[in-house]
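Heads up: the structure comes next, in structure tokens.
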Amino acid sequence: MRYIIALDQGTTSSRAILFNEKGGMVGVEQKEFTQFFPKPGWVEHDAEEIWSTQAEVLRNLLSEHQVNPEDIAAIGITNQRETTVVWDRETGEPICRAIVWQDKRTSGLCEELKKQGKEEMVKQKTGLVIDSYFSGTKVNWVLENVPEARARAERGELCFGTIDSWLVWKLTKGAVHATDYTNASRTLLYNIVTNQWDDELLELLQVPKSMLPEAHPSSHHFGDFEYKGRKIPIMGIAGDQQAALFGQACFEPGQAKNTYGTGCFMLMNTGSDCQLSKHGLLTTMACSTSDKLTYALEGSIFIAGAAIQWLRDGLRIIDHASDSQYFAEKAQSDEVFLVPAFAGLGAPYWDQYSRGAIFGLTRDTGKNEIVKAALESIAFQTRDVKDAMEQDSGISLSCLMVDGGATANDYLMQFQADILGVAVDRPAITESTALGAAYLAGLQAGVWKLDDLKKLRQTERKFEPEYAEDQRNRKYKGWQKAVKRTFDWAREDEV
Ligand SMILES: Nc1ncnc2c1ncn2[C@@H]1O[C@H](COP(=O)(O)OP(=O)(O)O)[C@@H](O)[C@H]1O
Ligand SMILES: O=P(O)(O)OC[C@H](O)CO
């Protein structure tokens with residue numbers, strides 16, 4: 001039996017997952033790591049801790065399951081995207097903490113770039129909007145604010161990478177500085193039409209070219225990790241959301257998935273068509289197994305499962321995320337709406353000044369109603385994105401493939417089907433992200449062919465919509481009214 005290891009480096013935890021050649025999950029190791037919130041709107045990770053937790057779960061997986069290193073065909077890496085690491089090429093040490101995708105410190109620079117009228121040029125080249133979410137302004141911030149950083153970067157002494165690059169660097173002991181197209185396409189520095197780092201964008205954000213990793217297709221031999229005297233090849237890399245699209249076997253144009261984790265990310269494969277959105281979505285690169293490029297439309301929602309974490313850790317009204325289902329089912333009112341714009345709003349609104357709010361409170365509103373509104377906000381945001389996606393692509397979704405931690409919640413899944421008016425399909429393996437990374441690596445290692453993978457996906461449960469049309473429309477209108485009222489809230493000149 002041959003095995004593939006997926007390293008899944010997420011926003012809140014590092015995981016290592018062992019898959020066998022039938023696509024079955026044989027083992028999982030997971031370790032959470034520290035989230036730093038040094039100032040309002042700032043979110044940081046310690047890149048060394050990311051590496052140490054990732055290395056630890058990999059070691060534990062290998063020792064726990066006593067797999068012969070000879071039987072491991074390849075490693076695939078998948079990662080939280082956009083999070084920015086800058087390290088010293090000589091010592092391999094990060095020069096500051098990693099700036100996380102949720103971090104808003106570069107909102108001012110983004111605003112400035114928009115005022116300079118750069119939005120259209122950036123969109124045409126990158127498929128993205130100008131937002132602090134992406135890596136480019138974060139690299140700029142590091143170079144401007146860490147002492148000596150700019151001079152060192154100009155001298156070619158510093159490397160920039162998203163988390164995949166950082167892990168490859170560490171796994172190969174500094175021999176390889178690389179990334180894949182999916183991750184590169186989230187930096188605001190990569191031209192997704194010409195498929196290369198873009199000089200005009202590098203100039204705009206003042207990032208020296210010498211800092212950048214080499215970009216390759218997602219299935220590619222990136223380098224080797226030495227374990228017990230054997231070289232295990234790293235054969236796959238993809239940003240976690242593109243990996244999930246691949247892991248859900250959405251290989252054909254028009255197929256879409258939504259991943260419910262800290263945020264929610266809906267992606268639709270658009271094939272070789274680099275379609276730019278007119279409705280607030282992003283265009284991004286999907287996984288490529290060769291030099292033939294594949295694109296996707298993406299709706300990025302910043303706060304989804306994180307709203308449930310907030311109920312647990314912030315408000316402390318639930319003990320476990322899974323308790324949210326129990327309280328939501330006991331709720332009496334249907335009129336409370338919670339807009340979890342804790343980090344502004346992503347797709348399709350892109351309002352970095354929006355902030356969270358709860359609407360429709362009355363004297364009888366209690367914990368149950370708030371919990372229900374938080375869960376439902378995840379489904380409403382998904383509906384916003386799904387409508388935009390249908391308008392952009394001209395395709396009506398007949399079914400939505402779902403995955404990620406919060407899909408364990410049956411109340412949420414049923415409400416999702418109800419508010420979308422289409423079926424929601426939960427697969428037997430909801431670890432689509434890791435599975436996608438394993439598929440990419442396994443394809444390159446010759447363990448699978450693409451046709452084999454199509455047969456591996458199995459549905460665990462399909463949630464059919466039960467709402468009548470008018471009920472669906474009434475609820476959704478309430479959400480639209482609520483979300484609009486949060487716009488521009490934190491803008492200084494707003495009265
Ligand atoms: N049963 C549940 N109901 C609602 N939300 C849940 C449930 N289980 C987990 N979550 C949420 O899902 C998220 C974890 O999912 P995961 O896919 O591991 O996220 P990530 O990869 O972003 O760290 C957390 O934000 C958590 O609050
Ligand atoms: O780590 P996740 O699953 O929250 O995903 C983060 C996304 O990649 C951010 O773009």
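We name chains A, B, ... following the order of the structure tokens; residues begin at 1 in each chain, and ligands are numbered from 1 as shown.
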Near ligand 2, 9 Å: chain A residue rows, closest pairs, only C-alpha atoms and all ligand atoms, as JSON lines:
{"residue": "A:Asp8", "atom": "CA", "partner": "ligand 2", "partner_atom_place_in_ligand_line": "1 (O)", "distance": 8.6}
{"residue": "A:Gln9", "atom": "CA", "partner": "ligand 2", "partner_atom_place_in_ligand_line": "1 (O)", "distance": 7.0}
{"residue": "A:Gly10", "atom": "CA", "partner": "ligand 2", "partner_atom_place_in_ligand_line": "1 (O)", "distance": 3.5}
{"residue": "A:Thr11", "atom": "CA", "partner": "ligand 2", "partner_atom_place_in_ligand_line": "1 (O)", "distance": 3.8}
{"residue": "A:Thr12", "atom": "CA", "partner": "ligand 2", "partner_atom_place_in_ligand_line": "1 (O)", "distance": 6.7}
{"residue": "A:Ser13", "atom": "CA", "partner": "ligand 2", "partner_atom_place_in_ligand_line": "1 (O)", "distance": 8.0}
{"residue": "A:Asn79", "atom": "CA", "partner": "ligand 2", "partner_atom_place_in_ligand_line": "8 (O)", "distance": 6.5}
{"residue": "A:Gln80", "atom": "CA", "partner": "ligand 2", "partner_atom_place_in_ligand_line": "8 (O)", "distance": 3.8}
{"residue": "A:Arg81", "atom": "CA", "partner": "ligand 2", "partner_atom_place_in_ligand_line": "8 (O)", "distance": 4.0}
{"residue": "A:Glu82", "atom": "CA", "partner": "ligand 2", "partner_atom_place_in_ligand_line": "10 (O)", "distance": 6.1}
{"residue": "A:Thr83", "atom": "CA", "partner": "ligand 2", "partner_atom_place_in_ligand_line": "9 (C)", "distance": 7.9}
{"residue": "A:Val100", "atom": "CA", "partner": "ligand 2", "partner_atom_place_in_ligand_line": "9 (C)", "distance": 8.8}
{"residue": "A:Trp101", "atom": "CA", "partner": "ligand 2", "partner_atom_place_in_ligand_line": "9 (C)", "distance": 6.0}
{"residue": "A:Gln102", "atom": "CA", "partner": "ligand 2", "partner_atom_place_in_ligand_line": "9 (C)", "distance": 7.8}
{"residue": "A:Tyr133", "atom": "CA", "partner": "ligand 2", "partner_atom_place_in_ligand_line": "10 (O)", "distance": 7.8}
{"residue": "A:Phe134", "atom": "CA", "partner": "ligand 2", "partner_atom_place_in_ligand_line": "10 (O)", "distance": 8.3}
{"residue": "A:Arg186", "atom": "CA", "partner": "ligand 2", "partner_atom_place_in_ligand_line": "10 (O)", "distance": 8.1}
{"residue": "A:Gly239", "atom": "CA", "partner": "ligand 2", "partner_atom_place_in_ligand_line": "8 (O)", "distance": 6.2}
{"residue": "A:Asp240", "atom": "CA", "partner": "ligand 2", "partner_atom_place_in_ligand_line": "8 (O)", "distance": 5.2}
{"residue": "A:Gln241", "atom": "CA", "partner": "ligand 2", "partner_atom_place_in_ligand_line": "8 (O)", "distance": 5.7}
{"residue": "A:Gln242", "atom": "CA", "partner": "ligand 2", "partner_atom_place_in_ligand_line": "8 (O)", "distance": 8.6}
{"residue": "A:Thr259", "atom": "CA", "partner": "ligand 2", "partner_atom_place_in_ligand_line": "3 (O)", "distance": 7.7}
{"residue": "A:Tyr260", "atom": "CA", "partner": "ligand 2", "partner_atom_place_in_ligand_line": "3 (O)", "distance": 7.8}
{"residue": "A:Gly261", "atom": "CA", "partner": "ligand 2", "partner_atom_place_in_ligand_line": "3 (O)", "distance": 5.2}
{"residue": "A:Thr262", "atom": "CA", "partner": "ligand 2", "partner_atom_place_in_ligand_line": "4 (O)", "distance": 4.4}
{"residue": "A:Gly263", "atom": "CA", "partner": "ligand 2", "partner_atom_place_in_ligand_line": "4 (O)", "distance": 5.5}
{"residue": "A:Cys264", "atom": "CA", "partner": "ligand 2", "partner_atom_place_in_ligand_line": "4 (O)", "distance": 7.7}
{"residue": "A:Phe265", "atom": "CA", "partner": "ligand 2", "partner_atom_place_in_ligand_line": "7 (C)", "distance": 7.5}
{"residue": "A:Ser300", "atom": "CA", "partner": "ligand 2", "partner_atom_place_in_ligand_line": "10 (O)", "distance": 7.1}
{"residue": "A:Ile301", "atom": "CA", "partner": "ligand 2", "partner_atom_place_in_ligand_line": "10 (O)", "distance": 8.9}
{"residue": "A:Phe302", "atom": "CA", "partner": "ligand 2", "partner_atom_place_in_ligand_line": "9 (C)", "distance": 7.9}
{"residue": "A:Gly305", "atom": "CA", "partner": "ligand 2", "partner_atom_place_in_ligand_line": "4 (O)", "distance": 8.8}
{"residue": "A:Ala306", "atom": "CA", "partner": "ligand 2", "partner_atom_place_in_ligand_line": "4 (O)", "distance": 8.9}
{"residue": "A:Gly404", "atom": "CA", "partner": "ligand 2", "partner_atom_place_in_ligand_line": "3 (O)", "distance": 7.6}
{"residue": "A:Gly405", "atom": "CA", "partner": "ligand 2", "partner_atom_place_in_ligand_line": "3 (O)", "distance": 9.0}
{"residue": "A:Thr433", "atom": "CA", "partner": "ligand 2", "partner_atom_place_in_ligand_line": "3 (O)", "distance": 8.3}
Worksheet item: Can you list, as a list in words, every protein, DNA or RNA residue that comes within 9 Å of Ser272 of chain A when you count only C-alpha atoms, leaving out same-chain residues fewer than 2 positions away?
Response: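 Within the cut-off, the hits are Pro253, Thr270, Cys274, Gln275, Lys292, Leu293, Thr294, Tyr295 and Ala296 of chain A.
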Export, as an mmCIF file, in the first residue's frame, the selected residues with N, CA and C atoms.
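Listed below is the output, again19.cif:
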data_model
loop_
_atom_site.group_PDB
_atom_site.id
_atom_site.type_symbol
_atom_site.label_atom_id
_atom_site.label_comp_id
_atom_site.auth_asym_id
_atom_site.auth_seq_id
_atom_site.Cartn_x
_atom_site.Cartn_y
_atom_site.Cartn_z
ATOM 1 N N PRO A 253 -15.656 22.970 -15.634
ATOM 2 C CA PRO A 253 -16.194 24.323 -15.519
ATOM 3 C C PRO A 253 -17.652 24.280 -15.052
ATOM 4 N N THR A 270 -13.943 27.826 -13.576
ATOM 5 C CA THR A 270 -14.369 28.421 -14.853
ATOM 6 C C THR A 270 -13.459 27.949 -15.997
ATOM 7 N N CYS A 274 -10.476 33.084 -18.059
ATOM 8 C CA CYS A 274 -10.070 34.007 -16.986
ATOM 9 C C CYS A 274 -11.107 35.128 -16.912
ATOM 10 N N GLN A 275 -12.254 34.782 -16.342
ATOM 11 C CA GLN A 275 -13.403 35.684 -16.364
ATOM 12 C C GLN A 275 -13.343 36.700 -15.223
ATOM 13 N N LYS A 292 -1.131 23.952 -18.406
ATOM 14 C CA LYS A 292 -2.442 24.447 -18.826
ATOM 15 C C LYS A 292 -3.114 25.108 -17.617
ATOM 16 N N LEU A 293 -3.496 26.381 -17.771
ATOM 17 C CA LEU A 293 -4.012 27.110 -16.614
ATOM 18 C C LEU A 293 -5.505 26.890 -16.429
ATOM 19 N N THR A 294 -5.934 26.839 -15.179
ATOM 20 C CA THR A 294 -7.351 26.759 -14.852
ATOM 21 C C THR A 294 -7.677 27.907 -13.909
ATOM 22 N N TYR A 295 -8.845 28.519 -14.132
ATOM 23 C CA TYR A 295 -9.242 29.673 -13.321
ATOM 24 C C TYR A 295 -10.506 29.359 -12.520
ATOM 25 N N ALA A 296 -10.767 30.220 -11.536
ATOM 26 C CA ALA A 296 -11.993 30.078 -10.752
ATOM 27 C C ALA A 296 -12.514 31.452 -10.363
#
Worksheet item: Which residue out of A:Arg355, A:Lys278, A:Lys257, A:Arg312 has the minimum interatomic distance to Ala482 of chain A when only C-alpha atoms are used?
Response: A:Arg355
Each residue of segment 48-80 of chain A lying at most 8 Å from segment 436-439 of chain A should get a row with its shortest atom-to-atom pair and the distance in Å to one decimal, counting only C-alpha atoms; could you produce that, ordered by chain and increasing number, as JSON lines?
{"residue": "A:Ile75", "atom": "CA", "partner": "A:Ala438", "partner_atom": "CA", "distance": 7.1}
{"residue": "A:Gly76", "atom": "CA", "partner": "A:Ala437", "partner_atom": "CA", "distance": 4.8}
{"residue": "A:Ile77", "atom": "CA", "partner": "A:Ala437", "partner_atom": "CA", "distance": 5.8}
{"residue": "A:Thr78", "atom": "CA", "partner": "A:Ala437", "partner_atom": "CA", "distance": 5.8}
Practice prompt. Pull the strand (DSSP E) assignments for segment 133-210 of chain A out of DSSP run on the backbone, and list those residues as a PyMOL selection string.
Written response: chain A and resi 158-161+178-180+190-191+196-197
Please build the interface table for segment 187-244 of chain A against segment 169-179 of chain A with a cut-off of 6 Å, listing for each qualifying residue the nearest atom pair and the distance in Å to one decimal; count only C-alpha atoms, order rows by chain and increasing number, and write it as JSON lines.
{"residue": "A:Pro213", "atom": "CA", "partner": "A:Ala178", "partner_atom": "CA", "distance": 4.4}
{"residue": "A:Glu214", "atom": "CA", "partner": "A:Ala178", "partner_atom": "CA", "distance": 4.5}
{"residue": "A:Ala215", "atom": "CA", "partner": "A:Thr179", "partner_atom": "CA", "distance": 4.9}
{"residue": "A:Asp224", "atom": "CA", "partner": "A:Thr172", "partner_atom": "CA", "distance": 5.9}
{"residue": "A:Phe225", "atom": "CA", "partner": "A:Leu171", "partner_atom": "CA", "distance": 5.4}
Fill in: 12 Å contact set for Phe33 of chain A, only C-alpha atoms, chain neighbours under 4 positions out, as a list in words
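Neighbouring residues, sequence-local ones excluded: Gln9, Gly10, Thr11, Thr12, Ser13, Ser14, Arg15, Glu44, His45, Asp46, Ala47, Glu48, Glu49, Ile50, Trp51, Ser52, Thr53, Gln54, Glu56 and Val57 of chain A.
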Item to complete: For Glu64 of chain A, list every protein, DNA or RNA residue within 12 Å, evaluated using only C-alpha atoms, and leave out those in the same chain fewer than 2 positions away; present the list as a list in words.
Response: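 Here the answer would be Ala16, Ile17, Leu18, Val26, Gly27, Val28, Glu29, Glu56, Val57, Leu58, Arg59, Asn60, Leu61, Leu62, Gln66, Val67 and Asn68 of chain A.
Residues in contact range of Lys125 of chain A, defined as at most 7 Å between only C-alpha atoms, with sequence neighbours fewer than 6 positions away removed, read Asn191, Ile192 and Val193 of chain A.
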Next, dump the selected residues to file, keeping only N, CA and C atoms, as a short mmCIF file (atom, residue, chain, number, x, y, z; two decimals), in the first residue's frame.
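Heads up, here's the output in result.cif:
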data_model
loop_
_atom_site.label_atom_id
_atom_site.label_comp_id
_atom_site.auth_asym_id
_atom_site.auth_seq_id
_atom_site.Cartn_x
_atom_site.Cartn_y
_atom_site.Cartn_z
N ASN A 191 0.58 38.36 -12.14
CA ASN A 191 -0.31 38.60 -13.27
C ASN A 191 -0.91 37.25 -13.69
N ILE A 192 -2.23 37.10 -13.51
CA ILE A 192 -2.84 35.79 -13.76
C ILE A 192 -3.12 35.57 -15.25
N VAL A 193 -2.97 36.62 -16.04
CA VAL A 193 -3.18 36.45 -17.48
C VAL A 193 -1.88 35.99 -18.15
#
Practice prompt. Within 6 Å of His279 of chain A, counting only C-alpha atoms, which residues show up once you throw out same-chain ones fewer than 2 positions away? Write them as a VMD selection string, please.
Written response: chain A and resid 277 281 388
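For the set A:Phe251, A:Trp350, A:Phe327, A:Tyr467, the residue with the smallest atom-to-atom gap to Gly299 of chain A is A:Trp350, counting only C-alpha atoms.
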Worksheet item: Can you tell me how far atom CA of Thr182 of chain A sits from atom CA of Ser432 of chain A, in Å to one decimal?
Response: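 Between these atoms lies a distance of 16.1 Å.
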Worksheet item: Of the candidates A:Leu267, A:Ile234, A:Leu245, A:Val207, which one gets nearest to Ala151 of chain A if we count only C-alpha atoms?
Response: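 Selected residue with least distance to Ala151 of chain A: A:Val207.
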Worksheet entry | Distance criterion (only C-alpha atoms and all ligand atoms): nearest to ligand 1 out of A:Gly394, A:Gly223, A:Pro465, A:Gly314 |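 Looking at the shortest contact to ligand 1, the residue is A:Gly314.
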